[in-house]
Protein chains: 2
Amino acid sequence: MTYAFSDILSAVPAMTPFVGPETLERRRGRPFDYRIGANESAFGISPVAKAAMAAELERVNWYCDPEHFDLREKLAERLGVTRDNIVIGEGIDGLLGVTVRAFTNPGDAIVTSAGAYPTFNYHVTGYGGRLVFVPYRADCHNDLEALVETARDERAKLLFLANPDNPTGTMLPPAAIAEALARLPEGCLFILDEAYAEFAPPGELPPLEAEDPRLIRMRTFSKAHGMAGLRVGYAIAAQELTAAFNKIRLHFGVGRLSQVAAAASLDDPDFAAAVVRQVEEGRDDYAALGRDLNLATIPSLTNFVAFDLEIAQASERMVALLDRRGVFVRRPAVEPLGRFVRVTVGTPEERAGFAAAFKDALQELRAG
Amino acid sequence: MTYAFSDILSAVPAMTPFVGPETLERRRGRPFDYRIGANESAFGISPVAKAAMAAELERVNWYCDPEHFDLREKLAERLGVTRDNIVIGEGIDGLLGVTVRAFTNPGDAIVTSAGAYPTFNYHVTGYGGRLVFVPYRADCHNDLEALVETARDERAKLLFLANPDNPTGTMLPPAAIAEALARLPEGCLFILDEAYAEFAPPGELPPLEAEDPRLIRMRTFSKAHGMAGLRVGYAIAAQELTAAFNKIRLHFGVGRLSQVAAAASLDDPDFAAAVVRQVEEGRDDYAALGRDLNLATIPSLTNFVAFDLEIAQASERMVALLDRRGVFVRRPAVEPLGRFVRVTVGTPEERAGFAAAFKDALQELRAG
């Protein structure tokens with residue numbers, strides 16, 4: 001080793017949480033026709049946000065506000081919390097990094113579902129934490145009771161749950177979250193990744209109690225607001241916790257255009273609401289497609305649907321068959337989820353294109 | 001303490017590396033007329049970059065390429081290094097964070113000039129490093145010999161130098177850097193912050209030897225390219241080092257618009273060259289203004305000039321007097337730099353406005 005790396009880094013293996021579609025396109029030598037594998041929104045961004053960004057192009061020579069004052073103000077007002085209950089970060093990815101960093105001593109146990117969010121695992125490994133995985137239940141729901149029990153057994157510092165969940169699209173009811181919080185061990189923080197919160201039916205999200213010290217909730221402008229390329233996420237947490245984050249977060253990580261766009265999108269709530277309705281239609285389309293093709297789908301409360309190919313080899317082959325037909329989708333690598341392919345809700349045109357390619361690929365798959 | 005924070009975070013004091021101009025404006029209750037305190041470019045961005053961003057607004061619903069392939073390709077070609085000698089980050093700030101994290105065990109010594117870059121110090125503190133400060137020389141140049149000797153004495157893991165320097169605007173010749181590298185202790189990495197590289201005369205920057213394991217060089221699109229609000233920096237280092245960064249960096253931290261804008265700006269080198277010429281004119285204006293007002297200035301190779309108010313109290317008062325006149329400038333807080341005010345080169349109009357305010361403020365100051 002040429003370099004005197006830190007003890008933690010020296011022990012970190014090379015890993016890539018996600019191979020992005022651009023990388024896949026470089027490998028296959030041409031762009032995908034249907035990019036419906038990364039749960040990006042197919043429905044663009046608010047015209048209000050677009051206009052705000054176009055105007056702000058004149059000011060990108062200026063640094064951004066490192067306090068994210070205007071955006072936090074708007075979020076706080078909308079959510080009924082204080083500005084100091086909000087932290088802005090470079091997407092939920094950035095916020096997960098700060099959270100893991102804030103709590104993890106090398107060797108500390110961190111609990112999550114096997115097959116859940118690779119970037120969370122990447123951060124835990126990168127800060128020297130010890131990942132403890134809990135399998136999904138056989139019915140492909142998160143096993144929250146087992147997650148909490150494992151956190152107790154392992155004296156975990158963090159417990160991660162995506163709700164609504166990715167890659168399954170399922171959701172746990174508020175009562176289950178409340179029960180988990182009640183049994184959460186002392187010294188363990190519950191990270192609730194709510195990237196798909198806007199797609200959940202009203203009343204299905206746990207009530208917002210921002211000063212609850214057991215919980216941090218993370219949300220994003222990447223999904224319903226269609227701003228994955230702008231990297232804006234936010235966390236809702238007690239003021240003592242957000243104050244701690246302010247001691248270590250990257251102050252200028254979220255730039256001017258991103259802040260302005262996110263704030264403007266909040267001013268146009270009809271846009272995100274319309275996206276949610278379009279996504280519901282798309283999920284219905286995919287469920288109907290599954291029935292047509294005699295494939296089960298997991299009822300989803302997100303912007304994607306998992307199709308059940310029944311065995312992992314079939315789902316793995318399906319991803320390749322779809323790739324050959326110009327369609328980018330993903331499959332989870334961990335059982336019992338490996339038999340699914342996860343397909344993002346596209347526009348009606350994209351859905352039609354996917355349906356044709358999927359039928360064709362399935363014929364090839366079933367022909368052996 | 002409610003939370004079971006990591007040992008490192010528990011020891012980190014609350015600190016803010018920079019109070020941004022937006023925060024100052026909120027405190028004073030109205031915007032500045034002349035925002036020339038943060039070394040932002042007054043000369044906008046390349047029209048080629050602006051057009052590329054306007055087109056890319058249609059695709060911000062997509063995640064960015066986490067490998068920054070196109071931007072690294074262009075940089076590598078322009079710099080005559082390989083793509084794997086380049087790492088992209090959320091400004092130099094983000095890259096400094098990753099570098100400090102990669103090398104610092106709690107308690108490790110990290111050496112820098114007292115009065116140099118607050119955000120570097122912020123990261124060192126945030127990762128549990130032990131900052132060892134070396135004073136600037138009495139002539140306001142970095143004391144590179146003392147920095148290296150201190151790194152040897154302290155067995156430092158990192159040595160930080162901005163070259164051209166901020167807040168002085170001075171530069172050390174390539175021979176001095178080479179000598180420092182020759183005396184650098186084993187196990188210490190030299191971080192050369194070259195944010196102002198484009199403003200340096202050709203031949204004044206050390207030659208690029210990307211595979212030199214003793215050195216990492218950091219540059220940015222924030223200054224000559226006018227993109228401070230977009231948060232794009234890059235580091236040039238040996239492939240073994242960039243590979244290590246890939247194990248811990250935030251993969252999706254630099255968004256689509258930022259990547260596209262930076263790449264497009266590289267395609268328009270005449271733009272940055274014209275900015276550099278305009279900045280040279282502005283520095284000459286400021287030097288002449290200093291002579292008019294009987295104030296020394298430090299000859300600068302950056303986009304700012306430090307005016308010598310002779311004593312720290314005068315410079316502190318001057319910042320307040322200028323604030324009252326609608327002008328935002330900064331002063332270094334550490335001796336022997338405390339007697340300066342640092343003024344960013346503005347447009348000709350901004351320079352005229354500053355000159356008038358400065359004369360007026362100086363009259364008030366000298367009147368006692």
# chains A, B, ... in the order shown; residues from 1 in each chain; ligands from 1
call {"tool": "residues_around", "arguments": {"residues": "stretch 348-351 of chain A", "least_positions_apart": "6", "cutoff": "8 Å", "atoms": "only C-alpha atoms", "output": "count of residues only"}}
result
4
call {"tool": "residues_around", "arguments": {"residues": "B:Val60", "least_positions_apart": "5", "cutoff": "7 Å", "atoms": "only C-alpha atoms", "output": "PyMOL selection string"}}
result
(chain A and resi 227-230) or (chain B and resi 256)
call {"tool": "interface_residues", "arguments": {"of": "chain A", "to": "chain B", "cutoff": "6 Å", "atoms": "only C-alpha atoms", "output": "ChimeraX atom specification"}}
result
/A:4-6,9,14,22,40-41,44,60-65,90,102-105,126,187,226-230,247-248,253,255-256
call {"tool": "select_by_dssp", "arguments": {"residues": "stretch 308-339 of chain B", "states": "strand (DSSP E or B)", "output": "ChimeraX atom specification"}}
result
/B:308,327-328,330
call {"tool": "select_by_dssp", "arguments": {"residues": "stretch 138-259 of chain A", "states": "helix (DSSP H, G or I)", "output": "PyMOL selection string"}}
result
chain A and resi 144-154+174-183+197-199+228-230+239-245+256-259
call {"tool": "decode", "arguments": {"residues": "stretch 332-348 of chain A", "atoms": "all heavy atoms", "output": "PDB file, in the first residue's frame"}}
result
ATOM      1  N   PRO A 332     -33.720  -7.381  -7.671  1.00  0.00           N
ATOM      2  CA  PRO A 332     -33.015  -7.460  -6.387  1.00  0.00           C
ATOM      3  C   PRO A 332     -32.139  -8.705  -6.395  1.00  0.00           C
ATOM      4  O   PRO A 332     -32.484  -9.709  -7.016  1.00  0.00           O
ATOM      5  CB  PRO A 332     -34.146  -7.595  -5.365  1.00  0.00           C
ATOM      6  CG  PRO A 332     -35.418  -7.284  -6.104  1.00  0.00           C
ATOM      7  CD  PRO A 332     -35.170  -7.604  -7.534  1.00  0.00           C
ATOM      8  N   ALA A 333     -31.011  -8.630  -5.699  1.00  0.00           N
ATOM      9  CA  ALA A 333     -30.066  -9.750  -5.750  1.00  0.00           C
ATOM     10  C   ALA A 333     -30.266 -10.717  -4.591  1.00  0.00           C
ATOM     11  O   ALA A 333     -29.640 -11.771  -4.561  1.00  0.00           O
ATOM     12  CB  ALA A 333     -28.638  -9.221  -5.755  1.00  0.00           C
ATOM     13  N   VAL A 334     -31.123 -10.387  -3.639  1.00  0.00           N
ATOM     14  CA  VAL A 334     -31.183 -11.167  -2.396  1.00  0.00           C
ATOM     15  C   VAL A 334     -32.524 -11.883  -2.263  1.00  0.00           C
ATOM     16  O   VAL A 334     -33.579 -11.325  -2.553  1.00  0.00           O
ATOM     17  CB  VAL A 334     -30.947 -10.226  -1.185  1.00  0.00           C
ATOM     18  CG1 VAL A 334     -31.195 -10.956   0.123  1.00  0.00           C
ATOM     19  CG2 VAL A 334     -29.515  -9.693  -1.225  1.00  0.00           C
ATOM     20  N   GLU A 335     -32.484 -13.128  -1.790  1.00  0.00           N
ATOM     21  CA  GLU A 335     -33.714 -13.904  -1.562  1.00  0.00           C
ATOM     22  C   GLU A 335     -34.495 -13.336  -0.390  1.00  0.00           C
ATOM     23  O   GLU A 335     -33.878 -12.806   0.519  1.00  0.00           O
ATOM     24  CB  GLU A 335     -33.369 -15.369  -1.330  1.00  0.00           C
ATOM     25  CG  GLU A 335     -32.751 -16.039  -2.565  1.00  0.00           C
ATOM     26  CD  GLU A 335     -33.488 -15.731  -3.844  1.00  0.00           C
ATOM     27  OE1 GLU A 335     -34.734 -15.800  -3.869  1.00  0.00           O
ATOM     28  OE2 GLU A 335     -32.831 -15.363  -4.827  1.00  0.00           O
ATOM     29  N   PRO A 336     -35.822 -13.439  -0.377  1.00  0.00           N
ATOM     30  CA  PRO A 336     -36.685 -14.093  -1.365  1.00  0.00           C
ATOM     31  C   PRO A 336     -37.083 -13.161  -2.510  1.00  0.00           C
ATOM     32  O   PRO A 336     -38.052 -13.426  -3.213  1.00  0.00           O
ATOM     33  CB  PRO A 336     -37.924 -14.442  -0.532  1.00  0.00           C
ATOM     34  CG  PRO A 336     -38.037 -13.278   0.414  1.00  0.00           C
ATOM     35  CD  PRO A 336     -36.616 -12.846   0.720  1.00  0.00           C
ATOM     36  N   LEU A 337     -36.320 -12.050  -2.707  1.00  0.00           N
ATOM     37  CA  LEU A 337     -36.742 -11.058  -3.695  1.00  0.00           C
ATOM     38  C   LEU A 337     -36.149 -11.321  -5.073  1.00  0.00           C
ATOM     39  O   LEU A 337     -36.530 -10.692  -6.053  1.00  0.00           O
ATOM     40  CB  LEU A 337     -36.340  -9.651  -3.233  1.00  0.00           C
ATOM     41  CG  LEU A 337     -36.779  -9.263  -1.816  1.00  0.00           C
ATOM     42  CD1 LEU A 337     -36.311  -7.854  -1.494  1.00  0.00           C
ATOM     43  CD2 LEU A 337     -38.282  -9.379  -1.659  1.00  0.00           C
ATOM     44  N   GLY A 338     -35.225 -12.277  -5.146  1.00  0.00           N
ATOM     45  CA  GLY A 338     -34.476 -12.469  -6.383  1.00  0.00           C
ATOM     46  C   GLY A 338     -35.319 -12.904  -7.566  1.00  0.00           C
ATOM     47  O   GLY A 338     -34.901 -12.778  -8.710  1.00  0.00           O
ATOM     48  N   ARG A 339     -36.517 -13.377  -7.301  1.00  0.00           N
ATOM     49  CA  ARG A 339     -37.334 -13.869  -8.414  1.00  0.00           C
ATOM     50  C   ARG A 339     -38.140 -12.752  -9.092  1.00  0.00           C
ATOM     51  O   ARG A 339     -38.880 -13.001 -10.034  1.00  0.00           O
ATOM     52  CB  ARG A 339     -38.265 -14.967  -7.924  1.00  0.00           C
ATOM     53  CG  ARG A 339     -39.326 -14.520  -6.943  1.00  0.00           C
ATOM     54  CD  ARG A 339     -40.153 -15.726  -6.479  1.00  0.00           C
ATOM     55  NE  ARG A 339     -41.415 -15.326  -5.877  1.00  0.00           N
ATOM     56  CZ  ARG A 339     -41.620 -15.218  -4.560  1.00  0.00           C
ATOM     57  NH1 ARG A 339     -40.644 -15.465  -3.712  1.00  0.00           N
ATOM     58  NH2 ARG A 339     -42.809 -14.853  -4.105  1.00  0.00           N
ATOM     59  N   PHE A 340     -37.986 -11.534  -8.592  1.00  0.00           N
ATOM     60  CA  PHE A 340     -38.742 -10.415  -9.147  1.00  0.00           C
ATOM     61  C   PHE A 340     -37.912  -9.587 -10.134  1.00  0.00           C
ATOM     62  O   PHE A 340     -36.681  -9.547 -10.034  1.00  0.00           O
ATOM     63  CB  PHE A 340     -39.195  -9.473  -8.024  1.00  0.00           C
ATOM     64  CG  PHE A 340     -40.229 -10.089  -7.121  1.00  0.00           C
ATOM     65  CD1 PHE A 340     -39.852 -10.795  -5.982  1.00  0.00           C
ATOM     66  CD2 PHE A 340     -41.580  -9.985  -7.429  1.00  0.00           C
ATOM     67  CE1 PHE A 340     -40.798 -11.383  -5.151  1.00  0.00           C
ATOM     68  CE2 PHE A 340     -42.536 -10.558  -6.601  1.00  0.00           C
ATOM     69  CZ  PHE A 340     -42.143 -11.266  -5.462  1.00  0.00           C
ATOM     70  N   VAL A 341     -38.598  -8.941 -11.070  1.00  0.00           N
ATOM     71  CA  VAL A 341     -37.989  -7.796 -11.744  1.00  0.00           C
ATOM     72  C   VAL A 341     -38.783  -6.565 -11.338  1.00  0.00           C
ATOM     73  O   VAL A 341     -40.013  -6.594 -11.245  1.00  0.00           O
ATOM     74  CB  VAL A 341     -37.930  -7.917 -13.286  1.00  0.00           C
ATOM     75  CG1 VAL A 341     -36.977  -9.022 -13.719  1.00  0.00           C
ATOM     76  CG2 VAL A 341     -39.308  -8.125 -13.880  1.00  0.00           C
ATOM     77  N   ARG A 342     -38.044  -5.486 -11.079  1.00  0.00           N
ATOM     78  CA  ARG A 342     -38.653  -4.253 -10.588  1.00  0.00           C
ATOM     79  C   ARG A 342     -38.716  -3.266 -11.749  1.00  0.00           C
ATOM     80  O   ARG A 342     -37.697  -2.940 -12.345  1.00  0.00           O
ATOM     81  CB  ARG A 342     -37.796  -3.695  -9.453  1.00  0.00           C
ATOM     82  CG  ARG A 342     -38.432  -2.590  -8.657  1.00  0.00           C
ATOM     83  CD  ARG A 342     -37.378  -1.832  -7.865  1.00  0.00           C
ATOM     84  NE  ARG A 342     -36.486  -1.107  -8.754  1.00  0.00           N
ATOM     85  CZ  ARG A 342     -35.443  -0.368  -8.353  1.00  0.00           C
ATOM     86  NH1 ARG A 342     -35.143  -0.298  -7.074  1.00  0.00           N
ATOM     87  NH2 ARG A 342     -34.700   0.271  -9.221  1.00  0.00           N
ATOM     88  N   VAL A 343     -39.929  -2.821 -12.035  1.00  0.00           N
ATOM     89  CA  VAL A 343     -40.134  -1.985 -13.218  1.00  0.00           C
ATOM     90  C   VAL A 343     -40.732  -0.644 -12.794  1.00  0.00           C
ATOM     91  O   VAL A 343     -41.783  -0.594 -12.151  1.00  0.00           O
ATOM     92  CB  VAL A 343     -41.076  -2.679 -14.227  1.00  0.00           C
ATOM     93  CG1 VAL A 343     -41.170  -1.863 -15.510  1.00  0.00           C
ATOM     94  CG2 VAL A 343     -40.598  -4.101 -14.518  1.00  0.00           C
ATOM     95  N   THR A 344     -40.069   0.431 -13.152  1.00  0.00           N
ATOM     96  CA  THR A 344     -40.562   1.764 -12.827  1.00  0.00           C
ATOM     97  C   THR A 344     -41.766   2.102 -13.697  1.00  0.00           C
ATOM     98  O   THR A 344     -41.801   1.756 -14.878  1.00  0.00           O
ATOM     99  CB  THR A 344     -39.462   2.808 -13.083  1.00  0.00           C
ATOM    100  OG1 THR A 344     -38.282   2.413 -12.381  1.00  0.00           O
ATOM    101  CG2 THR A 344     -39.898   4.189 -12.616  1.00  0.00           C
ATOM    102  N   VAL A 345     -42.746   2.789 -13.115  1.00  0.00           N
ATOM    103  CA  VAL A 345     -43.899   3.256 -13.891  1.00  0.00           C
ATOM    104  C   VAL A 345     -43.430   4.320 -14.884  1.00  0.00           C
ATOM    105  O   VAL A 345     -42.899   5.360 -14.486  1.00  0.00           O
ATOM    106  CB  VAL A 345     -44.980   3.841 -12.969  1.00  0.00           C
ATOM    107  CG1 VAL A 345     -46.057   4.560 -13.788  1.00  0.00           C
ATOM    108  CG2 VAL A 345     -45.602   2.745 -12.108  1.00  0.00           C
ATOM    109  N   GLY A 346     -43.588   4.038 -16.160  1.00  0.00           N
ATOM    110  CA  GLY A 346     -43.236   5.011 -17.188  1.00  0.00           C
ATOM    111  C   GLY A 346     -44.442   5.797 -17.646  1.00  0.00           C
ATOM    112  O   GLY A 346     -45.550   5.667 -17.104  1.00  0.00           O
ATOM    113  N   THR A 347     -44.265   6.605 -18.653  1.00  0.00           N
ATOM    114  CA  THR A 347     -45.386   7.276 -19.319  1.00  0.00           C
ATOM    115  C   THR A 347     -46.237   6.209 -20.003  1.00  0.00           C
ATOM    116  O   THR A 347     -45.792   5.074 -20.183  1.00  0.00           O
ATOM    117  CB  THR A 347     -44.869   8.238 -20.398  1.00  0.00           C
ATOM    118  OG1 THR A 347     -44.134   7.470 -21.371  1.00  0.00           O
ATOM    119  CG2 THR A 347     -43.960   9.310 -19.811  1.00  0.00           C
ATOM    120  N   PRO A 348     -47.456   6.547 -20.426  1.00  0.00           N
ATOM    121  CA  PRO A 348     -48.264   5.552 -21.154  1.00  0.00           C
ATOM    122  C   PRO A 348     -47.507   4.963 -22.349  1.00  0.00           C
ATOM    123  O   PRO A 348     -47.572   3.752 -22.583  1.00  0.00           O
ATOM    124  CB  PRO A 348     -49.487   6.364 -21.602  1.00  0.00           C
ATOM    125  CG  PRO A 348     -49.641   7.417 -20.542  1.00  0.00           C
ATOM    126  CD  PRO A 348     -48.242   7.775 -20.138  1.00  0.00           C
TER     127      PRO A 348
END
